[in-house]
>>> print(open('protein08.cif').read())   # mmCIF, C-alpha atoms and all ligand atoms
data_upload
loop_
_atom_site.label_atom_id
_atom_site.label_comp_id
_atom_site.auth_asym_id
_atom_site.auth_seq_id
_atom_site.Cartn_x
_atom_site.Cartn_y
_atom_site.Cartn_z
CA MET I 1 -17.54 15.20 10.75
CA ILE I 2 -18.17 13.66 7.30
CA ILE I 3 -15.57 13.62 4.53
CA LEU I 4 -15.58 12.62 0.87
CA GLY I 5 -12.29 10.96 -0.11
CA ILE I 6 -11.00 10.65 -3.67
CA GLU I 7 -8.18 8.39 -4.91
CA SER I 8 -6.79 8.28 -8.47
CA SER I 9 -3.02 8.00 -8.05
CA CYS I 10 -2.53 4.74 -9.94
CA ASP I 11 -4.99 2.27 -11.46
CA GLU I 12 -7.99 2.53 -9.12
CA THR I 13 -10.59 5.28 -9.41
CA ALA I 14 -12.13 5.45 -5.96
CA ALA I 15 -14.42 7.59 -3.84
CA ALA I 16 -15.68 7.03 -0.31
CA ILE I 17 -17.59 8.75 2.46
CA VAL I 18 -16.34 8.25 6.02
CA ASP I 19 -17.39 9.94 9.25
CA SER I 20 -15.37 10.79 12.35
CA GLU I 21 -17.16 8.01 14.27
CA LYS I 22 -15.19 5.67 11.98
CA ASN I 23 -18.20 4.58 9.92
CA ILE I 24 -17.41 3.83 6.28
CA LEU I 25 -20.68 5.04 4.74
CA SER I 26 -19.62 4.10 1.21
CA ASN I 27 -16.43 2.84 -0.42
CA ILE I 28 -16.53 2.61 -4.22
CA VAL I 29 -13.50 1.33 -6.12
CA PHE I 30 -13.37 1.04 -9.89
CA SER I 31 -10.31 -1.03 -10.78
CA GLN I 32 -8.60 -0.54 -14.15
CA ILE I 33 -6.84 -3.91 -13.95
CA ASP I 34 -8.60 -5.29 -17.04
CA THR I 35 -7.69 -2.16 -19.02
CA HIS I 36 -3.95 -2.56 -18.33
CA LYS I 37 -3.76 -6.37 -18.37
CA GLY I 38 -2.35 -6.72 -21.87
CA TYR I 39 0.49 -4.25 -21.20
CA GLY I 40 2.13 -6.00 -18.22
CA GLY I 41 1.78 -2.89 -16.07
CA VAL I 42 -0.07 0.41 -15.72
CA VAL I 43 0.10 2.70 -18.78
CA PRO I 44 -0.02 6.28 -17.40
CA GLU I 45 -1.93 7.94 -20.26
CA VAL I 46 -4.46 5.10 -20.46
CA ALA I 47 -4.90 5.30 -16.67
CA ALA I 48 -5.51 9.07 -16.75
CA ARG I 49 -8.18 8.77 -19.46
CA SER I 50 -9.87 5.96 -17.57
CA HIS I 51 -9.91 8.05 -14.35
CA LEU I 52 -11.48 10.91 -16.30
CA SER I 53 -14.29 8.77 -17.65
CA SER I 54 -15.06 6.87 -14.42
CA MET I 55 -14.64 9.63 -11.84
CA PRO I 56 -18.17 11.16 -12.16
CA TYR I 57 -19.81 7.73 -11.83
CA VAL I 58 -17.63 6.66 -8.88
CA ILE I 59 -18.25 9.88 -6.92
CA THR I 60 -21.99 9.89 -7.67
CA LYS I 61 -22.21 6.26 -6.54
CA ALA I 62 -20.23 6.96 -3.33
CA ILE I 63 -22.51 9.85 -2.42
CA GLY I 64 -25.69 7.95 -3.35
CA THR I 65 -24.72 4.82 -1.40
CA SER I 66 -23.83 6.83 1.71
CA LYS I 67 -27.19 8.63 1.67
CA VAL I 68 -25.30 11.73 2.79
CA SER I 69 -26.21 15.03 1.15
CA LEU I 70 -23.46 17.13 -0.41
CA SER I 71 -24.31 19.98 1.91
CA SER I 72 -23.57 17.86 4.99
CA LEU I 73 -19.98 17.14 3.91
CA ASP I 74 -17.32 18.82 6.06
CA GLY I 75 -14.59 18.61 3.46
CA ILE I 76 -13.21 16.94 0.35
CA ALA I 77 -9.98 14.98 0.74
CA CYS I 78 -7.96 13.92 -2.27
CA VAL I 79 -4.64 12.19 -2.92
CA THR I 80 -2.19 14.69 -4.43
CA GLY I 81 0.78 12.30 -4.58
CA PRO I 82 2.79 10.21 -4.92
CA GLY I 83 1.48 8.64 -8.11
CA LEU I 84 0.99 9.12 -11.83
CA TYR I 85 0.68 12.74 -12.86
CA GLY I 86 -2.39 12.45 -15.11
CA GLY I 87 -4.42 10.45 -12.61
CA LEU I 88 -3.48 12.76 -9.73
CA LEU I 89 -4.59 15.74 -11.81
CA VAL I 90 -7.98 14.20 -12.57
CA GLY I 91 -8.66 13.52 -8.87
CA SER I 92 -7.38 16.82 -7.55
CA ILE I 93 -9.13 19.00 -10.15
CA THR I 94 -12.38 17.19 -9.38
CA ALA I 95 -11.89 17.57 -5.62
CA LYS I 96 -10.97 21.25 -5.91
CA ALA I 97 -13.94 21.98 -8.17
CA MET I 98 -16.28 20.33 -5.65
CA SER I 99 -14.62 22.14 -2.77
CA PHE I 100 -15.05 25.48 -4.56
CA ALA I 101 -18.64 24.85 -5.65
CA LEU I 102 -19.75 23.56 -2.22
CA ASN I 103 -17.61 26.00 -0.25
CA LYS I 104 -16.06 23.15 1.78
CA PRO I 105 -12.39 22.74 2.77
CA PHE I 106 -10.03 20.98 0.35
CA ILE I 107 -7.65 18.55 2.06
CA SER I 108 -4.54 17.29 0.28
CA VAL I 109 -3.64 13.74 1.33
CA ASN I 110 -0.41 11.86 0.72
CA HIS I 111 -1.26 8.39 -0.61
CA LEU I 112 1.27 6.67 1.70
CA GLU I 113 -0.03 8.64 4.67
CA ALA I 114 -3.52 7.33 3.89
CA HIS I 115 -2.21 3.73 3.90
CA ILE I 116 -0.39 4.09 7.23
CA LEU I 117 -3.26 5.90 9.01
CA THR I 118 -5.84 3.25 7.92
CA PRO I 119 -5.42 1.14 11.09
CA ARG I 120 -6.69 4.12 13.14
CA LEU I 121 -9.91 4.01 11.13
CA LEU I 122 -10.29 0.37 12.13
CA GLY I 123 -9.38 0.49 15.79
CA ASN I 124 -8.06 2.53 18.65
CA ILE I 125 -4.36 2.82 17.84
CA PRO I 126 -2.66 5.72 19.60
CA PHE I 127 0.50 7.44 18.35
CA PRO I 128 3.32 6.56 18.20
CA TYR I 129 3.23 3.23 16.37
CA LEU I 130 5.33 1.34 13.88
CA ALA I 131 3.97 0.80 10.36
CA LEU I 132 5.26 -1.38 7.57
CA LEU I 133 3.99 -0.13 4.23
CA ILE I 134 4.29 -2.75 1.50
CA SER I 135 2.70 -1.82 -1.81
CA GLY I 136 3.37 -1.90 -5.53
CA GLY I 137 5.39 1.31 -5.37
CA HIS I 138 6.72 1.50 -1.81
CA THR I 139 8.33 -0.56 0.94
CA GLN I 140 8.96 1.40 4.11
CA PHE I 141 9.12 1.09 7.87
CA VAL I 142 7.60 4.26 9.27
CA ALA I 143 7.45 5.54 12.84
CA VAL I 144 4.02 7.19 12.83
CA LEU I 145 4.44 9.88 15.50
CA SER I 146 1.38 12.07 14.91
CA VAL I 147 -0.67 13.36 11.96
CA GLY I 148 1.87 14.80 9.52
CA ASN I 149 4.90 13.58 11.50
CA TYR I 150 6.32 10.45 9.94
CA LYS I 151 9.86 9.16 10.36
CA ILE I 152 11.21 6.64 7.85
CA LEU I 153 13.21 3.89 9.57
CA GLY I 154 13.96 1.89 6.46
CA THR I 155 13.07 1.74 2.80
CA THR I 156 13.80 -0.21 -0.36
CA LEU I 157 16.93 0.71 -2.24
CA ASP I 158 15.44 -0.40 -5.58
CA ASP I 159 12.23 -2.34 -6.34
CA ALA I 160 9.22 -2.21 -4.05
CA LEU I 161 8.05 -5.53 -2.60
CA GLY I 162 4.84 -5.51 -4.67
CA GLU I 163 6.91 -4.79 -7.76
CA ALA I 164 9.07 -7.84 -6.98
CA PHE I 165 5.91 -9.98 -6.68
CA ASP I 166 4.60 -8.52 -9.96
CA LYS I 167 7.87 -9.08 -11.86
CA THR I 168 8.26 -12.62 -10.54
CA ALA I 169 4.67 -13.41 -11.52
CA ARG I 170 5.31 -12.02 -14.99
CA LEU I 171 8.40 -14.21 -15.39
CA LEU I 172 6.20 -17.18 -14.51
CA GLY I 173 3.62 -16.12 -17.10
CA TYR I 174 1.02 -14.40 -14.93
CA ASP I 175 -0.75 -11.10 -15.51
CA TYR I 176 -0.31 -7.87 -13.55
CA PRO I 177 -0.89 -7.51 -10.63
CA GLY I 178 0.94 -10.71 -9.82
CA GLY I 179 1.04 -10.81 -6.00
CA LYS I 180 -2.08 -12.90 -5.57
CA HIS I 181 -0.92 -15.37 -8.28
CA ILE I 182 2.40 -15.90 -6.49
CA GLU I 183 0.58 -16.41 -3.20
CA GLU I 184 -1.72 -18.98 -4.78
CA LEU I 185 1.13 -20.79 -6.58
CA ALA I 186 3.32 -20.87 -3.46
CA LYS I 187 0.60 -22.77 -1.55
CA HIS I 188 1.35 -25.78 -3.77
CA GLY I 189 5.13 -25.33 -3.84
CA ASN I 190 7.80 -27.40 -2.15
CA SER I 191 10.30 -25.43 -0.06
CA ALA I 192 13.05 -28.00 -0.60
CA SER I 193 13.13 -27.67 -4.41
CA PHE I 194 14.78 -24.26 -4.83
CA LYS I 195 16.36 -21.63 -2.60
CA PHE I 196 16.85 -17.93 -3.28
CA LYS I 197 19.16 -15.90 -1.09
CA PRO I 198 17.14 -13.43 1.04
CA PRO I 199 18.50 -10.01 -0.05
CA LEU I 200 20.37 -7.76 2.43
CA LEU I 201 19.72 -10.28 5.20
CA TYR I 202 22.89 -9.45 7.10
CA THR I 203 23.03 -5.66 6.78
CA LYS I 204 22.36 -4.08 10.17
CA ASN I 205 19.76 -1.59 9.01
CA CYS I 206 16.08 -1.71 8.06
CA ASN I 207 16.57 -1.23 4.31
CA PHE I 208 15.43 -3.67 1.65
CA SER I 209 16.53 -4.54 -1.87
CA PHE I 210 14.43 -6.73 -4.13
CA SER I 211 15.79 -6.27 -7.64
CA GLY I 212 18.49 -8.95 -7.13
CA LEU I 213 15.85 -11.44 -6.01
CA LYS I 214 13.89 -10.85 -9.20
CA THR I 215 17.11 -11.36 -11.24
CA ALA I 216 17.81 -14.61 -9.35
CA VAL I 217 14.29 -15.83 -10.22
CA SER I 218 14.81 -14.83 -13.85
CA GLN I 219 18.15 -16.69 -14.07
CA LYS I 220 16.65 -19.78 -12.45
CA ILE I 221 13.79 -19.80 -14.94
CA GLN I 222 16.21 -19.41 -17.87
CA SER I 223 18.36 -22.30 -16.65
CA LEU I 224 15.30 -24.50 -16.20
CA GLN I 225 13.87 -23.62 -19.59
CA SER I 226 16.94 -25.10 -21.27
CA SER I 227 16.76 -28.37 -19.31
CA LEU I 228 13.23 -29.25 -18.27
CA SER I 229 9.95 -27.57 -19.08
CA LEU I 230 8.46 -25.05 -16.69
CA THR I 231 5.69 -27.29 -15.39
CA GLN I 232 3.02 -26.00 -13.03
CA GLN I 233 4.78 -27.77 -10.13
CA VAL I 234 8.13 -26.15 -10.99
CA LYS I 235 6.40 -22.74 -11.13
CA ALA I 236 4.84 -23.41 -7.73
CA ASP I 237 8.24 -24.42 -6.31
CA ILE I 238 9.80 -21.19 -7.64
CA ALA I 239 6.96 -19.10 -6.20
CA LYS I 240 7.44 -20.87 -2.86
CA ALA I 241 11.20 -20.21 -2.88
CA PHE I 242 10.54 -16.55 -3.73
CA GLU I 243 8.01 -16.20 -0.91
CA ASP I 244 10.37 -17.97 1.55
CA ALA I 245 13.16 -15.48 0.72
CA VAL I 246 10.75 -12.55 1.15
CA LEU I 247 9.51 -13.91 4.50
CA ALA I 248 13.08 -14.42 5.76
CA VAL I 249 14.11 -10.86 4.96
CA LEU I 250 10.85 -9.40 6.33
CA ARG I 251 11.38 -11.32 9.59
CA LYS I 252 14.92 -10.01 10.03
CA LYS I 253 14.19 -6.40 9.04
CA THR I 254 11.00 -6.19 11.10
CA CYS I 255 12.91 -7.29 14.21
CA LEU I 256 15.54 -4.58 13.51
CA ALA I 257 12.84 -1.94 12.95
CA ILE I 258 11.14 -2.87 16.23
CA GLN I 259 14.49 -2.64 18.04
CA LYS I 260 15.08 0.82 16.53
CA PHE I 261 11.54 1.95 17.40
CA LYS I 262 12.03 0.81 21.02
CA GLU I 263 15.37 2.67 21.24
CA ASP I 264 13.80 5.86 19.88
CA HIS I 265 10.49 5.79 21.77
CA GLY I 266 11.01 3.57 24.80
CA ILE I 267 7.77 1.69 24.10
CA PHE I 268 6.44 -0.53 21.34
CA ARG I 269 2.73 -1.22 21.67
CA ASN I 270 1.31 -1.34 18.15
CA PHE I 271 2.59 -2.67 14.87
CA VAL I 272 0.55 -2.17 11.71
CA VAL I 273 0.97 -3.34 8.14
CA SER I 274 -0.69 -1.77 5.15
CA GLY I 275 -0.53 -1.55 1.36
CA GLY I 276 -1.54 -4.10 -1.28
CA VAL I 277 1.07 -6.74 -0.33
CA ALA I 278 -0.41 -6.82 3.19
CA ALA I 279 -3.14 -8.99 1.61
CA ASN I 280 -0.65 -11.89 1.59
CA LYS I 281 -1.68 -14.37 4.31
CA ASN I 282 1.81 -15.74 5.04
CA ILE I 283 3.19 -12.22 5.39
CA ARG I 284 0.33 -11.25 7.72
CA ALA I 285 0.85 -14.37 9.84
CA LEU I 286 4.59 -13.74 10.11
CA LEU I 287 4.17 -10.08 11.12
CA ASN I 288 1.41 -10.98 13.58
CA LYS I 289 3.71 -13.49 15.27
CA ILE I 290 6.59 -11.01 15.51
CA ALA I 291 4.26 -8.41 17.09
CA LEU I 292 2.98 -10.96 19.63
CA ASP I 293 6.55 -12.08 20.45
CA ASN I 294 7.22 -8.41 21.28
CA ASN I 295 4.04 -8.08 23.40
CA ALA I 296 2.54 -5.66 20.90
CA ASN I 297 -0.83 -5.52 19.15
CA PHE I 298 -0.88 -6.26 15.46
CA CYS I 299 -3.26 -4.60 13.03
CA ALA I 300 -3.66 -5.55 9.38
CA PRO I 301 -6.61 -4.01 7.52
CA PRO I 302 -9.17 -6.29 5.88
CA ILE I 303 -8.13 -7.14 2.29
CA ASN I 304 -10.40 -4.50 0.70
CA LEU I 305 -8.65 -1.78 2.74
CA CYS I 306 -5.11 -3.08 2.12
CA GLY I 307 -5.03 -2.14 -1.56
CA ASP I 308 -5.83 1.29 -2.94
CA ASN I 309 -9.20 2.67 -1.88
CA ALA I 310 -10.72 6.01 -0.97
CA ALA I 311 -11.96 5.15 2.56
CA MET I 312 -8.34 5.47 3.66
CA VAL I 313 -8.15 8.87 1.96
CA ALA I 314 -11.36 10.11 3.58
CA TRP I 315 -10.06 8.91 6.96
CA ALA I 316 -6.71 10.68 6.46
CA GLY I 317 -8.79 13.76 5.54
CA ILE I 318 -10.65 13.48 8.85
CA GLU I 319 -7.38 13.17 10.77
CA ARG I 320 -5.96 16.21 8.95
CA LEU I 321 -9.11 18.29 9.39
CA GLN I 322 -9.22 17.43 13.10
CA ALA I 323 -5.64 18.70 13.25
CA ASN I 324 -6.81 21.92 11.49
CA SER I 325 -4.82 21.11 8.39
CA THR I 326 -6.58 22.18 5.19
CA ASP I 327 -5.08 23.20 1.86
CA SER I 328 -5.47 25.96 -0.65
CA LEU I 329 -7.02 25.36 -4.06
CA SER I 330 -3.66 26.29 -5.59
CA THR I 331 -2.07 23.14 -4.11
CA ILE I 332 -0.25 21.32 -6.88
CA VAL I 333 -0.06 17.57 -7.38
CA LYS I 334 3.29 15.97 -6.55
CA PRO I 335 4.06 12.68 -8.37
CA ASN I 336 7.06 12.16 -6.04
CA PHE I 337 5.39 13.34 -2.82
CA ALA I 338 7.50 11.66 -0.09
CA LEU I 339 6.13 10.89 3.38
CA GLU I 340 8.93 12.99 4.90
CA ASP I 341 7.59 16.03 2.99
CA VAL I 342 4.13 15.78 4.59
CA LYS I 343 3.59 18.58 7.10
O1 LIG F 401 -1.30 -0.65 -2.36
P1 LIG F 401 -1.57 -1.18 -3.73
O2 LIG F 401 -2.97 -1.61 -4.07
O3 LIG F 401 -1.13 -0.18 -4.83
C1 LIG F 401 0.00 0.64 -4.68
O4 LIG F 401 -0.10 1.70 -4.04
O5 LIG F 401 1.06 0.17 -5.18
O6 LIG F 401 -0.57 -2.45 -3.94
C2 LIG F 401 -0.57 -3.20 -5.13
C3 LIG F 401 0.47 -4.31 -4.98
C4 LIG F 401 0.74 -5.06 -6.29
O7 LIG F 401 2.13 -5.09 -6.51
C5 LIG F 401 0.17 -6.44 -6.03
O8 LIG F 401 0.81 -7.48 -6.76
C6 LIG F 401 0.39 -6.58 -4.55
O9 LIG F 401 0.04 -5.31 -4.03
N1 LIG F 401 -0.46 -7.63 -3.96
C7 LIG F 401 0.01 -8.74 -3.36
C8 LIG F 401 -1.12 -9.52 -2.99
N2 LIG F 401 -2.25 -8.84 -3.39
C9 LIG F 401 -1.82 -7.67 -3.96
N3 LIG F 401 1.27 -9.15 -3.11
C10 LIG F 401 1.43 -10.33 -2.49
N4 LIG F 401 0.41 -11.14 -2.12
C11 LIG F 401 -0.87 -10.77 -2.35
N5 LIG F 401 -1.89 -11.57 -1.99
ZN ZN F 402 -1.29 2.21 -2.47
#
>>> encode(input="protein08.cif", output="structure tokens")
Amino acid sequence: MIILGIESSCDETAAAIVDSEKNILSNIVFSQIDTHKGYGGVVPEVAARSHLSSMPYVITKAIGTSKVSLSSLDGIACVTGPGLYGGLLVGSITAKAMSFALNKPFISVNHLEAHILTPRLLGNIPFPYLALLISGGHTQFVAVLSVGNYKILGTTLDDALGEAFDKTARLLGYDYPGGKHIEELAKHGNSASFKFKPPLLYTKNCNFSFSGLKTAVSQKIQSLQSSLSLTQQVKADIAKAFEDAVLAVLRKKTCLAIQKFKEDHGIFRNFVVSGGVAANKNIRALLNKIALDNNANFCAPPINLCGDNAAMVAWAGIERLQANSTDSLSTIVKPNFALEDVK
């Protein structure tokens, strides 16, 4: 089975060809980061126009690189949500037009579903397993029970973890997306200089809250600006304190989520992390250790499959097609498409 996947939910225009033997035959990602840099975040209308102009090139390149003919495709999978309306429309109209013209099934894929199924593209991970999705828009513990059956064990009550990284980076004077800048800064920071309270550390559930942490960083920066200048070392110390608070709360909540998963399913064999923030090495190392302490396997995708890409969409399309789940061409895009609403 060979599937073309298309992703355009945020600021990456991406297309990929993946087969059911788990070969990624092509994986083309056109990032709009430079386009949005000056705005401090993604501008929806600008993103939609950029998707429109790059989509033909990205798809043509994905097909050409894979050396697969259009007629040998078994279906076209496309993200229909969650995400920005204009971008979702560009991707889904393109996918539906191709599906109609080639007479191949159209497969609607939830963007979050694609992230949490990625580890199955990379290895042999049977259901059920526990996933932690940490991206720019979402922070969720998910019990992945089967294709289309996802149970949320915990979520963020306000900002997503990636958003907290991005806002903290911005306060320190770094461009969007800020996660990698914070990671780099924190490497040179001193843990003893500042401390931020890990949010919701003592609540006995798997929910997160990150907006207070961002406010604490903002207040610290303001107080420092009036006394001493924000030197590179002070910035590194703040980034380190931010990362330490994030690691502390991730440690606590992951242990609670594992406990809940064990109670619900009796076994806990595989723990996976996905989403852009999963690129962070300290976070990966922490989660890996927690999995090992619980005698479970840990799977974190390689960096290029952590962030948004279309190989994950093509793979989710394969999983859905193998489960006989295809969609009509009248399927609408859903900017707020929740994982719980996936069938
Ligand atoms: O999954 P993704 O590419 O897009 C969404 O679906 O949101 O995630 C993007 C997020 C951004 O917030 C970015 O700052 C964060 O992932 N990120 C990181 C790192 N690399 C990317 N956060 C922390 N450390 C990193 N190394
Ligand atoms: Zn994503």
>>> closest_residue(input="protein08.cif", among="I:Val58, I:Val246, I:Leu122, I:Leu89", to="ligand LIG 401 (chain F)", atoms="only C-alpha atoms and all ligand atoms")
I:Val246
>>> closest_residue(input="protein08.cif", among="I:Ala239, I:Val142, I:Ala15, I:Ile28", to="I:Leu171", atoms="only C-alpha atoms")
I:Ala239
>>> residues_near_ligand(input="protein08.cif", ligand="ligand ZN 402 (chain F)", cutoff="6 Å", atoms="only C-alpha atoms and all ligand atoms", output="PyMOL selection string")
chain I and resi 135+275+307-308
>>> residues_near_ligand(input="protein08.cif", ligand="ligand LIG 401 (chain F)", cutoff="9 Å", atoms="all atoms listed in the file", output="PyMOL selection string")
chain I and resi 9-12+83+111-112+115+133-138+160-167+169+176-184+243+274-283+303+305-309
>>> closest_residue(input="protein08.cif", among="I:Ile63, I:Leu117, I:Ala95, I:Ile258", to="I:Ala316", atoms="all atoms listed in the file")
I:Leu117
>>> residues_around(input="protein08.cif", residues="I:Leu132", least_positions_apart="6", cutoff="6 Å", atoms="all atoms listed in the file", output="list of chain:residue names")
I:Gln140, I:Phe141, I:Val273
>>> atom_distance(input="protein08.cif", atom1="atom CA of I:Leu185", atom2="atom CA of I:Leu256")
29.6 Å
>>> closest_residue(input="protein08.cif", among="I:Tyr57, I:Phe268, I:Phe242, I:Tyr202", to="I:Phe127", atoms="all atoms listed in the file")
I:Phe268
>>> closest_residue(input="protein08.cif", among="I:Ala285, I:Leu247, I:Ile107, I:Ala62", to="I:Ser330", atoms="only C-alpha atoms")
I:Ile107
>>> residues_near_point(input="protein08.cif", point="(9.3, -11.6, 15.3)", cutoff="12 Å", atoms="only C-alpha atoms", output="MDAnalysis selection string")
chainID I and resid 247:259 271 283:296 298
>>> atom_distance(input="protein08.cif", atom1="atom CA of I:Lys96", atom2="atom CA of I:Leu329")
6.0 Å
>>> atom_distance(input="protein08.cif", atom1="atom CA of I:Ala186", atom2="atom CA of I:Gln233")
9.7 Å
>>> residues_around(input="protein08.cif", residues="I:Glu340", least_positions_apart="4", cutoff="10 Å", atoms="only C-alpha atoms", output="list in words")
Glu113, Val142, Gly148, Asn149, Tyr150, Lys151 and Ile152 of chain I
>>> build_atoms(input="protein08.cif", residues="stretch 297-321 of chain I", atoms="N, CA and C atoms", output="short mmCIF file (atom, residue, chain, number, x, y, z; two decimals), in the frame of the given file")
data_model
loop_
_atom_site.label_atom_id
_atom_site.label_comp_id
_atom_site.auth_asym_id
_atom_site.auth_seq_id
_atom_site.Cartn_x
_atom_site.Cartn_y
_atom_site.Cartn_z
N ASN I 297 0.35 -5.20 19.95
CA ASN I 297 -0.83 -5.52 19.15
C ASN I 297 -0.44 -5.47 17.68
N PHE I 298 -1.13 -6.27 16.90
CA PHE I 298 -0.88 -6.26 15.46
C PHE I 298 -2.17 -5.87 14.76
N CYS I 299 -2.07 -4.97 13.80
CA CYS I 299 -3.26 -4.60 13.03
C CYS I 299 -2.96 -4.67 11.54
N ALA I 300 -3.74 -5.48 10.84
CA ALA I 300 -3.66 -5.55 9.38
C ALA I 300 -5.08 -5.28 8.87
N PRO I 301 -5.26 -4.32 8.01
CA PRO I 301 -6.61 -4.01 7.52
C PRO I 301 -7.23 -5.21 6.79
N PRO I 302 -8.56 -5.27 6.72
CA PRO I 302 -9.17 -6.29 5.88
C PRO I 302 -8.69 -6.10 4.43
N ILE I 303 -8.74 -7.17 3.64
CA ILE I 303 -8.13 -7.14 2.29
C ILE I 303 -8.60 -5.93 1.47
N ASN I 304 -9.90 -5.59 1.56
CA ASN I 304 -10.40 -4.50 0.70
C ASN I 304 -9.85 -3.13 1.12
N LEU I 305 -9.26 -3.05 2.33
CA LEU I 305 -8.65 -1.78 2.74
C LEU I 305 -7.12 -1.83 2.71
N CYS I 306 -6.57 -2.98 2.27
CA CYS I 306 -5.11 -3.08 2.12
C CYS I 306 -4.68 -2.39 0.82
N GLY I 307 -5.36 -2.73 -0.26
CA GLY I 307 -5.03 -2.14 -1.56
C GLY I 307 -5.58 -0.72 -1.64
N ASP I 308 -5.42 -0.11 -2.80
CA ASP I 308 -5.83 1.29 -2.94
C ASP I 308 -7.35 1.44 -2.87
N ASN I 309 -7.78 2.41 -2.08
CA ASN I 309 -9.20 2.67 -1.88
C ASN I 309 -9.34 4.10 -1.41
N ALA I 310 -10.56 4.60 -1.36
CA ALA I 310 -10.72 6.01 -0.97
C ALA I 310 -11.18 6.16 0.48
N ALA I 311 -11.59 5.04 1.14
CA ALA I 311 -11.96 5.15 2.56
C ALA I 311 -10.74 5.60 3.35
N MET I 312 -9.57 5.07 2.95
CA MET I 312 -8.34 5.47 3.66
C MET I 312 -8.03 6.95 3.43
N VAL I 313 -8.41 7.45 2.28
CA VAL I 313 -8.15 8.87 1.96
C VAL I 313 -9.11 9.76 2.75
N ALA I 314 -10.37 9.34 2.80
CA ALA I 314 -11.36 10.11 3.58
C ALA I 314 -10.95 10.13 5.04
N TRP I 315 -10.48 8.96 5.55
CA TRP I 315 -10.06 8.91 6.96
C TRP I 315 -8.87 9.83 7.21
N ALA I 316 -7.87 9.79 6.31
CA ALA I 316 -6.71 10.68 6.46
C ALA I 316 -7.19 12.13 6.43
N GLY I 317 -8.21 12.41 5.61
CA GLY I 317 -8.79 13.76 5.54
C GLY I 317 -9.39 14.15 6.88
N ILE I 318 -10.07 13.20 7.53
CA ILE I 318 -10.65 13.48 8.85
C ILE I 318 -9.54 13.79 9.86
N GLU I 319 -8.51 12.95 9.84
CA GLU I 319 -7.38 13.17 10.77
C GLU I 319 -6.77 14.55 10.53
N ARG I 320 -6.60 14.93 9.27
CA ARG I 320 -5.96 16.21 8.95
C ARG I 320 -6.88 17.38 9.34
N LEU I 321 -8.17 17.21 9.06
CA LEU I 321 -9.11 18.29 9.39
C LEU I 321 -9.20 18.47 10.91
#
